[in-house]
file work_34.cif (mmCIF, C-alpha atoms)
data_entry
#
loop_
_atom_site.group_PDB
_atom_site.id
_atom_site.type_symbol
_atom_site.label_atom_id
_atom_site.label_comp_id
_atom_site.auth_asym_id
_atom_site.auth_seq_id
_atom_site.Cartn_x
_atom_site.Cartn_y
_atom_site.Cartn_z
ATOM 1 C CA MET S 27 -5.416 -25.666 -10.291
ATOM 2 C CA ARG S 28 -4.962 -22.263 -8.690
ATOM 3 C CA ALA S 29 -5.714 -18.924 -10.330
ATOM 4 C CA SER S 30 -2.527 -16.945 -10.857
ATOM 5 C CA LYS S 31 -4.134 -13.803 -12.269
ATOM 6 C CA ILE S 32 -6.273 -12.252 -9.544
ATOM 7 C CA GLU S 33 -7.373 -8.801 -8.448
ATOM 8 C CA THR S 34 -9.394 -7.905 -5.391
ATOM 9 C CA ASN S 35 -11.265 -4.977 -3.922
ATOM 10 C CA TYR S 36 -13.651 -4.409 -1.025
ATOM 11 C CA GLU S 37 -16.651 -5.805 -2.907
ATOM 12 C CA ASN S 38 -15.381 -8.307 -5.463
ATOM 13 C CA PHE S 39 -12.731 -10.927 -6.166
ATOM 14 C CA TYR S 40 -11.567 -11.071 -9.800
ATOM 15 C CA ALA S 41 -9.867 -14.255 -11.024
ATOM 16 C CA GLU S 42 -8.911 -15.611 -14.414
ATOM 17 C CA CYS S 43 -9.795 -19.287 -14.797
ATOM 18 C CA PRO S 44 -6.549 -21.283 -15.103
ATOM 19 C CA PHE S 45 -8.322 -23.743 -17.439
ATOM 20 C CA CYS S 46 -10.117 -21.558 -19.990
ATOM 21 C CA GLY S 47 -8.876 -18.031 -19.281
ATOM 22 C CA TYR S 48 -12.354 -16.670 -18.531
ATOM 23 C CA SER S 49 -12.356 -13.498 -16.403
ATOM 24 C CA ASN S 50 -14.515 -14.340 -13.394
ATOM 25 C CA ILE S 51 -16.078 -11.735 -11.116
ATOM 26 C CA PHE S 52 -16.976 -13.187 -7.724
ATOM 27 C CA ASN S 53 -19.051 -10.934 -5.500
ATOM 28 C CA ARG S 54 -18.048 -11.429 -1.880
ATOM 29 C CA ARG S 55 -21.611 -11.386 -0.569
ATOM 30 C CA GLU S 56 -23.488 -13.232 -3.324
ATOM 31 C CA ASP S 57 -20.879 -15.619 -4.749
ATOM 32 C CA LEU S 58 -18.303 -16.204 -2.007
ATOM 33 C CA ASN S 59 -20.591 -15.796 1.013
ATOM 34 C CA THR S 60 -17.840 -14.315 3.166
ATOM 35 C CA PHE S 61 -16.332 -10.951 3.959
ATOM 36 C CA GLU S 62 -13.232 -12.521 5.513
ATOM 37 C CA PRO S 63 -9.900 -12.379 3.647
ATOM 38 C CA ILE S 64 -9.611 -15.462 1.458
ATOM 39 C CA SER S 65 -6.375 -17.428 1.784
ATOM 40 C CA ARG S 66 -7.798 -20.451 -0.041
ATOM 41 C CA MET S 67 -11.199 -21.245 -1.545
ATOM 42 C CA ASP S 68 -12.488 -23.512 -4.302
ATOM 43 C CA VAL S 69 -14.746 -21.779 -6.831
ATOM 44 C CA ILE S 70 -16.448 -22.767 -10.081
ATOM 45 C CA CYS S 71 -15.644 -20.969 -13.305
ATOM 46 C CA GLN S 72 -18.594 -18.784 -14.312
ATOM 47 C CA SER S 73 -18.186 -19.555 -18.003
ATOM 48 C CA GLU S 74 -20.984 -21.910 -19.059
ATOM 49 C CA GLU S 75 -18.541 -23.575 -21.462
ATOM 50 C CA CYS S 76 -16.108 -24.404 -18.656
ATOM 51 C CA ILE S 77 -17.699 -24.599 -15.149
ATOM 52 C CA ARG S 78 -14.564 -26.314 -13.819
ATOM 53 C CA THR S 79 -13.426 -25.955 -10.226
ATOM 54 C CA PHE S 80 -10.275 -24.021 -9.389
ATOM 55 C CA GLU S 81 -8.690 -22.394 -6.370
ATOM 56 C CA ILE S 82 -8.414 -18.718 -5.445
ATOM 57 C CA GLY S 83 -6.489 -17.082 -2.604
ATOM 58 C CA ASN S 84 -3.893 -14.467 -1.610
ATOM 59 C CA ASP S 85 -6.637 -11.993 -0.756
ATOM 60 C CA SER S 86 -5.983 -8.516 0.579
ATOM 61 C CA ILE S 87 -6.149 -8.066 4.362
ATOM 62 C CA ASN S 88 -6.179 -4.267 4.288
ATOM 63 C CA LEU S 89 -8.680 -2.200 6.215
ATOM 64 C CA PRO S 90 -11.783 -1.275 4.184
ATOM 65 C CA SER S 91 -10.626 2.358 4.105
ATOM 66 C CA GLU S 92 -7.278 1.301 2.614
ATOM 67 C CA MET S 93 -9.039 -0.832 0.009
ATOM 68 C CA PHE S 94 -11.211 2.163 -0.898
ATOM 69 C CA LEU S 95 -8.087 4.258 -1.402
ATOM 70 C CA MET S 96 -6.511 1.607 -3.624
ATOM 71 C CA GLU S 97 -9.668 1.409 -5.702
ATOM 72 C CA ALA S 98 -9.834 5.214 -5.914
ATOM 73 C CA LYS S 99 -6.286 5.201 -7.273
ATOM 74 C CA LYS S 100 -7.279 2.676 -9.960
ATOM 75 C CA LEU S 101 -10.290 4.791 -10.885
ATOM 76 C CA LEU S 102 -8.008 7.824 -11.155
ATOM 77 C CA TYR S 103 -5.851 5.927 -13.653
ATOM 78 C CA LEU S 104 -9.006 5.001 -15.611
ATOM 79 C CA LYS S 105 -10.024 8.698 -15.654
ATOM 80 C CA SER S 106 -13.153 7.947 -13.596
ATOM 81 C CA TYR S 107 -12.561 11.063 -11.562
ATOM 82 C CA MET S 108 -16.102 11.329 -10.179
ATOM 83 C CA PHE S 109 -16.033 7.837 -8.694
ATOM 84 C CA SER S 110 -12.456 8.263 -7.486
ATOM 85 C CA ILE S 111 -13.422 11.350 -5.498
ATOM 86 C CA THR S 112 -16.522 9.702 -4.049
ATOM 87 C CA LEU S 113 -14.570 6.648 -2.924
ATOM 88 C CA SER S 114 -11.695 8.697 -1.482
ATOM 89 C CA VAL S 115 -14.047 10.662 0.769
ATOM 90 C CA GLN S 116 -15.903 7.485 1.731
ATOM 91 C CA ALA S 117 -12.563 6.033 2.812
ATOM 92 C CA VAL S 118 -12.117 8.840 5.348
ATOM 93 C CA GLU S 119 -15.687 8.446 6.635
ATOM 94 C CA ASN S 120 -15.170 4.710 7.034
ATOM 95 C CA TYR S 121 -11.840 5.084 8.808
ATOM 96 C CA ILE S 122 -13.067 7.680 11.308
ATOM 97 C CA SER S 123 -15.966 5.398 12.202
ATOM 98 C CA GLN S 124 -13.642 2.420 12.692
ATOM 99 C CA LEU S 125 -11.147 4.544 14.596
ATOM 100 C CA PHE S 126 -13.808 5.437 17.159
ATOM 101 C CA VAL S 127 -14.688 1.764 17.600
ATOM 102 C CA ILE S 128 -11.012 0.941 18.104
ATOM 103 C CA GLU S 129 -10.444 3.811 20.534
ATOM 104 C CA LEU S 130 -13.660 3.503 22.531
ATOM 105 C CA ALA S 131 -14.156 -0.257 22.512
ATOM 106 C CA TYR S 132 -11.352 -2.466 21.224
ATOM 107 C CA LYS S 133 -8.580 -0.697 23.134
ATOM 108 C CA LYS S 134 -10.625 -0.620 26.340
ATOM 109 C CA ILE S 135 -11.474 -4.319 26.648
ATOM 110 C CA THR S 136 -9.387 -6.243 29.165
ATOM 111 C CA SER S 137 -11.009 -9.683 29.147
ATOM 112 C CA LEU S 138 -13.575 -11.818 27.332
ATOM 113 C CA ASP S 139 -15.944 -11.185 30.242
ATOM 114 C CA GLU S 140 -16.398 -7.651 28.914
ATOM 115 C CA LEU S 141 -17.597 -8.620 25.435
ATOM 116 C CA SER S 142 -21.238 -7.775 26.138
ATOM 117 C CA LYS S 143 -20.258 -4.333 27.410
ATOM 118 C CA LEU S 144 -17.976 -3.858 24.383
ATOM 119 C CA ASN S 145 -20.894 -4.676 22.087
ATOM 120 C CA GLU S 146 -23.030 -2.154 23.937
ATOM 121 C CA VAL S 147 -20.431 0.550 23.329
ATOM 122 C CA VAL S 148 -20.180 -0.333 19.632
ATOM 123 C CA ASN S 149 -23.944 -0.493 19.118
ATOM 124 C CA THR S 150 -24.587 2.729 21.027
ATOM 125 C CA TYR S 151 -21.929 4.529 19.019
ATOM 126 C CA ALA S 152 -23.482 3.277 15.756
ATOM 127 C CA THR S 153 -26.953 4.404 16.837
ATOM 128 C CA LYS S 154 -25.846 7.847 18.015
ATOM 129 C CA THR S 155 -23.811 8.600 14.881
ATOM 130 C CA LYS S 156 -25.955 6.996 12.172
ATOM 131 C CA GLY S 157 -27.048 10.417 10.926
ATOM 132 C CA TYR S 158 -23.571 11.958 10.939
ATOM 133 C CA SER S 159 -22.414 13.596 7.741
ATOM 134 C CA PHE S 160 -18.727 13.768 6.794
ATOM 135 C CA LYS S 161 -18.427 17.099 8.592
ATOM 136 C CA HIS S 162 -20.049 15.761 11.747
ATOM 137 C CA GLN S 163 -17.626 12.826 11.804
ATOM 138 C CA VAL S 164 -14.653 15.133 11.364
ATOM 139 C CA ASN S 165 -15.956 17.459 14.086
ATOM 140 C CA ALA S 166 -16.460 14.488 16.395
ATOM 141 C CA LEU S 167 -12.878 13.349 15.938
ATOM 142 C CA ILE S 168 -11.528 16.859 16.516
ATOM 143 C CA ASP S 169 -13.653 17.158 19.661
ATOM 144 C CA TYR S 170 -12.423 13.763 20.850
ATOM 145 C CA ILE S 171 -8.812 14.867 20.433
ATOM 146 C CA VAL S 172 -9.224 18.366 21.867
ATOM 147 C CA ASN S 173 -11.797 18.037 24.645
ATOM 148 C CA THR S 174 -12.154 14.418 25.753
ATOM 149 C CA PRO S 175 -10.461 13.376 29.005
ATOM 150 C CA ASN S 176 -8.810 9.993 29.289
ATOM 151 C CA LEU S 177 -11.456 7.277 29.164
ATOM 152 C CA ASN S 178 -10.482 4.543 31.606
ATOM 153 C CA GLY S 179 -12.352 1.442 30.559
ATOM 154 C CA LEU S 180 -15.547 0.483 28.776
ATOM 155 C CA ASP S 181 -17.807 2.103 31.385
ATOM 156 C CA CYS S 182 -16.293 5.498 30.616
ATOM 157 C CA SER S 183 -16.551 4.831 26.880
ATOM 158 C CA LEU S 184 -20.210 3.911 27.238
ATOM 159 C CA GLN S 185 -20.887 7.120 29.126
ATOM 160 C CA TYR S 186 -19.058 9.049 26.402
ATOM 161 C CA VAL S 187 -20.986 7.573 23.459
ATOM 162 C CA ARG S 188 -24.323 8.008 25.247
ATOM 163 C CA GLN S 189 -23.792 11.762 25.411
ATOM 164 C CA LEU S 190 -22.788 12.179 21.761
ATOM 165 C CA PRO S 191 -24.993 14.863 20.165
ATOM 166 C CA GLU S 192 -27.166 14.294 17.101
ATOM 167 C CA GLN S 193 -24.971 16.783 15.250
ATOM 168 C CA GLN S 194 -21.375 17.621 16.099
ATOM 169 C CA LYS S 195 -20.604 21.339 15.996
ATOM 170 C CA THR S 196 -17.285 22.637 14.753
ATOM 171 C CA THR S 197 -14.742 23.175 17.523
ATOM 172 C CA SER S 198 -13.662 26.792 17.937
ATOM 173 C CA LYS S 199 -10.413 27.581 16.191
ATOM 174 C CA ASN S 200 -8.942 29.096 19.365
ATOM 175 C CA SER S 201 -9.193 25.762 21.200
ATOM 176 C CA LEU S 202 -7.000 24.123 18.558
ATOM 177 C CA GLU S 203 -4.023 26.142 19.732
ATOM 178 C CA ASN S 204 -3.788 24.050 22.895
ATOM 179 C CA VAL S 205 -3.570 20.711 21.058
ATOM 180 C CA SER S 206 -0.363 18.814 21.723
ATOM 181 C CA LYS S 207 2.215 18.627 18.971
ATOM 182 C CA GLN S 208 1.443 14.944 18.477
ATOM 183 C CA TYR S 209 -2.066 15.730 17.230
ATOM 184 C CA SER S 210 -1.692 19.251 15.826
ATOM 185 C CA GLY S 211 -0.983 18.272 12.211
ATOM 186 C CA LEU S 212 -3.947 15.913 12.032
ATOM 187 C CA VAL S 213 -6.307 18.349 13.757
ATOM 188 C CA GLN S 214 -5.356 21.185 11.416
ATOM 189 C CA MET S 215 -5.858 18.973 8.373
ATOM 190 C CA LEU S 216 -9.248 17.778 9.619
ATOM 191 C CA TYR S 217 -10.321 21.314 10.466
ATOM 192 C CA ASN S 218 -9.350 22.732 7.070
ATOM 193 C CA THR S 219 -10.288 19.882 4.741
ATOM 194 C CA GLU S 220 -12.731 20.640 1.925
ATOM 195 C CA ILE S 221 -12.716 17.247 0.228
ATOM 196 C CA ASN S 222 -16.318 16.685 1.277
ATOM 197 C CA SER S 223 -17.381 19.855 -0.556
ATOM 198 C CA ILE S 224 -15.842 18.552 -3.771
ATOM 199 C CA ARG S 225 -17.525 15.173 -3.227
ATOM 200 C CA ASN S 226 -20.873 16.867 -2.664
ATOM 201 C CA LYS S 227 -20.582 18.782 -5.930
ATOM 202 C CA VAL S 228 -19.891 15.494 -7.684
ATOM 203 C CA ALA S 229 -22.516 13.338 -6.002
ATOM 204 C CA HIS S 230 -25.406 15.779 -5.650
ATOM 205 C CA LYS S 231 -27.522 17.713 -8.154
ATOM 206 C CA GLN S 232 -24.602 19.676 -9.583
ATOM 207 C CA ALA S 233 -23.112 16.421 -10.921
ATOM 208 C CA LEU S 234 -19.752 18.129 -11.258
ATOM 209 C CA ARG S 235 -17.359 16.617 -13.773
ATOM 210 C CA PRO S 236 -14.094 17.088 -11.862
ATOM 211 C CA THR S 237 -10.637 17.466 -13.330
ATOM 212 C CA LYS S 238 -7.776 15.044 -12.835
ATOM 213 C CA GLU S 239 -6.231 17.610 -10.507
ATOM 214 C CA ASP S 240 -9.395 17.640 -8.384
ATOM 215 C CA ALA S 241 -9.365 13.851 -8.052
ATOM 216 C CA GLU S 242 -5.632 13.753 -7.298
ATOM 217 C CA LYS S 243 -6.037 16.406 -4.597
ATOM 218 C CA VAL S 244 -8.907 14.575 -2.903
ATOM 219 C CA LEU S 245 -7.152 11.189 -3.028
ATOM 220 C CA SER S 246 -3.910 12.667 -1.699
ATOM 221 C CA GLU S 247 -5.617 14.490 1.171
ATOM 222 C CA ALA S 248 -7.813 11.524 2.084
ATOM 223 C CA SER S 249 -4.766 9.250 2.140
ATOM 224 C CA GLU S 250 -2.807 11.670 4.302
ATOM 225 C CA ILE S 251 -5.654 11.993 6.829
ATOM 226 C CA ILE S 252 -6.074 8.216 7.130
ATOM 227 C CA TYR S 253 -2.410 7.277 7.350
ATOM 228 C CA MET S 254 -1.625 10.123 9.734
ATOM 229 C CA ALA S 255 -4.457 9.021 12.032
ATOM 230 C CA GLN S 256 -3.311 5.396 11.826
ATOM 231 C CA ASN S 257 0.160 6.377 13.000
ATOM 232 C CA ILE S 258 -0.937 8.797 15.699
ATOM 233 C CA PHE S 259 -3.498 6.452 17.269
ATOM 234 C CA ASN S 260 -1.661 3.239 16.390
ATOM 235 C CA ALA S 261 -4.906 1.989 14.869
ATOM 236 C CA ARG S 262 -4.084 -0.096 11.806
ATOM 237 C CA VAL S 263 -5.956 -3.280 12.732
ATOM 238 C CA PHE S 264 -9.730 -3.595 13.012
ATOM 239 C CA ASP S 265 -9.946 -6.790 15.036
ATOM 240 C CA VAL S 266 -10.918 -6.954 18.692
ATOM 241 C CA ASN S 267 -8.820 -10.102 19.210
ATOM 242 C CA TYR S 268 -5.678 -8.206 18.228
ATOM 243 C CA TYR S 269 -6.216 -5.613 20.971
ATOM 244 C CA LEU S 270 -7.366 -8.174 23.497
ATOM 245 C CA GLN S 271 -4.070 -10.028 23.069
ATOM 246 C CA GLN S 272 -2.207 -6.841 23.984
ATOM 247 C CA CYS S 273 -3.822 -7.032 27.439
ATOM 248 C CA ILE S 274 -2.901 -10.637 28.133
#
call {"tool": "encode", "arguments": {"input": "work_34.cif", "output": "structure tokens"}}
result
Amino acid sequence: MRASKIETNYENFYAECPFCGYSNIFNRREDLNTFEPISRMDVICQSEECIRTFEIGNDSINLPSEMFLMEAKKLLYLKSYMFSITLSVQAVENYISQLFVIELAYKKITSLDELSKLNEVVNTYATKTKGYSFKHQVNALIDYIVNTPNLNGLDCSLQYVRQLPEQQKTTSKNSLENVSKQYSGLVQMLYNTEINSIRNKVAHKQALRPTKEDAEKVLSEASEIIYMAQNIFNARVFDVNYYLQQCI
């Protein structure tokens, strides 16, 4: 028997048992032991009165940032505005981080022989940016768009990530005037965004109770930043094999 009533998010897989109707919550790490999208898997009903085996599947294959946005939208509907705002901003942070990996590593690999060098780029980037706040990530992306020359290959990417500063300063507003039309809308939105300030008021000692309008604004702006960047950079897939196939 296969579960017909399912719901998924980044962390959990929810499925109603087709035998007893129990609402199961399967944690991807602890219960399912995989972070891969699930097309088919046998699970055991968590109800002690049932414990029968059934099948789950049809999992989401969205990027983590997209799954965060979907969950933020659900939380908005449930009037959990604080959590919706927090998750919306986290979605942007997650996407910028993945976008850099795509741009600096995945799009630069040309053969399987370069996997070790690709891993070095990814690991160096993670180490250099582990202390980045939301603002530092945004500044880094603006700087990458405005000031970075074309990086030809993984060697250039490695050199680039090695020189990343511990904190990324804000790019001068005057330099934004020279950005090509392709990137101007995204750069202006990144430069002017204040969604992190709202998140900080919610998450830190102020413990702000935001309004519905606050949560809607943050979700809308976060979504626009992510989807605009996806289109501009053609970066909708976070899988090195996908980009490697483009080179073959």
call {"tool": "closest_residue", "arguments": {"input": "work_34.cif", "among": "S:Glu62, S:Thr34, S:Gln193, S:Ile77", "to": "Tyr48 (chain S)", "atoms": "all atoms listed in the file"}}
result
S:Ile77
call {"tool": "residues_around", "arguments": {"input": "work_34.cif", "residues": "Ile251 (chain S)", "least_positions_apart": "5", "cutoff": "9 Å", "atoms": "all atoms listed in the file", "output": "PyMOL selection string"}}
result
chain S and resi 118+212+215-216+246+256
call {"tool": "resolve_selection", "arguments": {"input": "work_34.cif", "expression": "the PyMOL selection byres ((chain S and resi 271) around 12)", "output": "VMD selection string"}}
result
chain S and resid 132 to 138 265 to 270 272 to 274
call {"tool": "atom_distance", "arguments": {"input": "work_34.cif", "atom1": "CA of Ile111 (chain S)", "atom2": "CA of Leu245 (chain S)"}}
result
6.7 Å
call {"tool": "atom_distance", "arguments": {"input": "work_34.cif", "atom1": "CA of Lys227 (chain S)", "atom2": "CA of Asp240 (chain S)"}}
result
11.5 Å
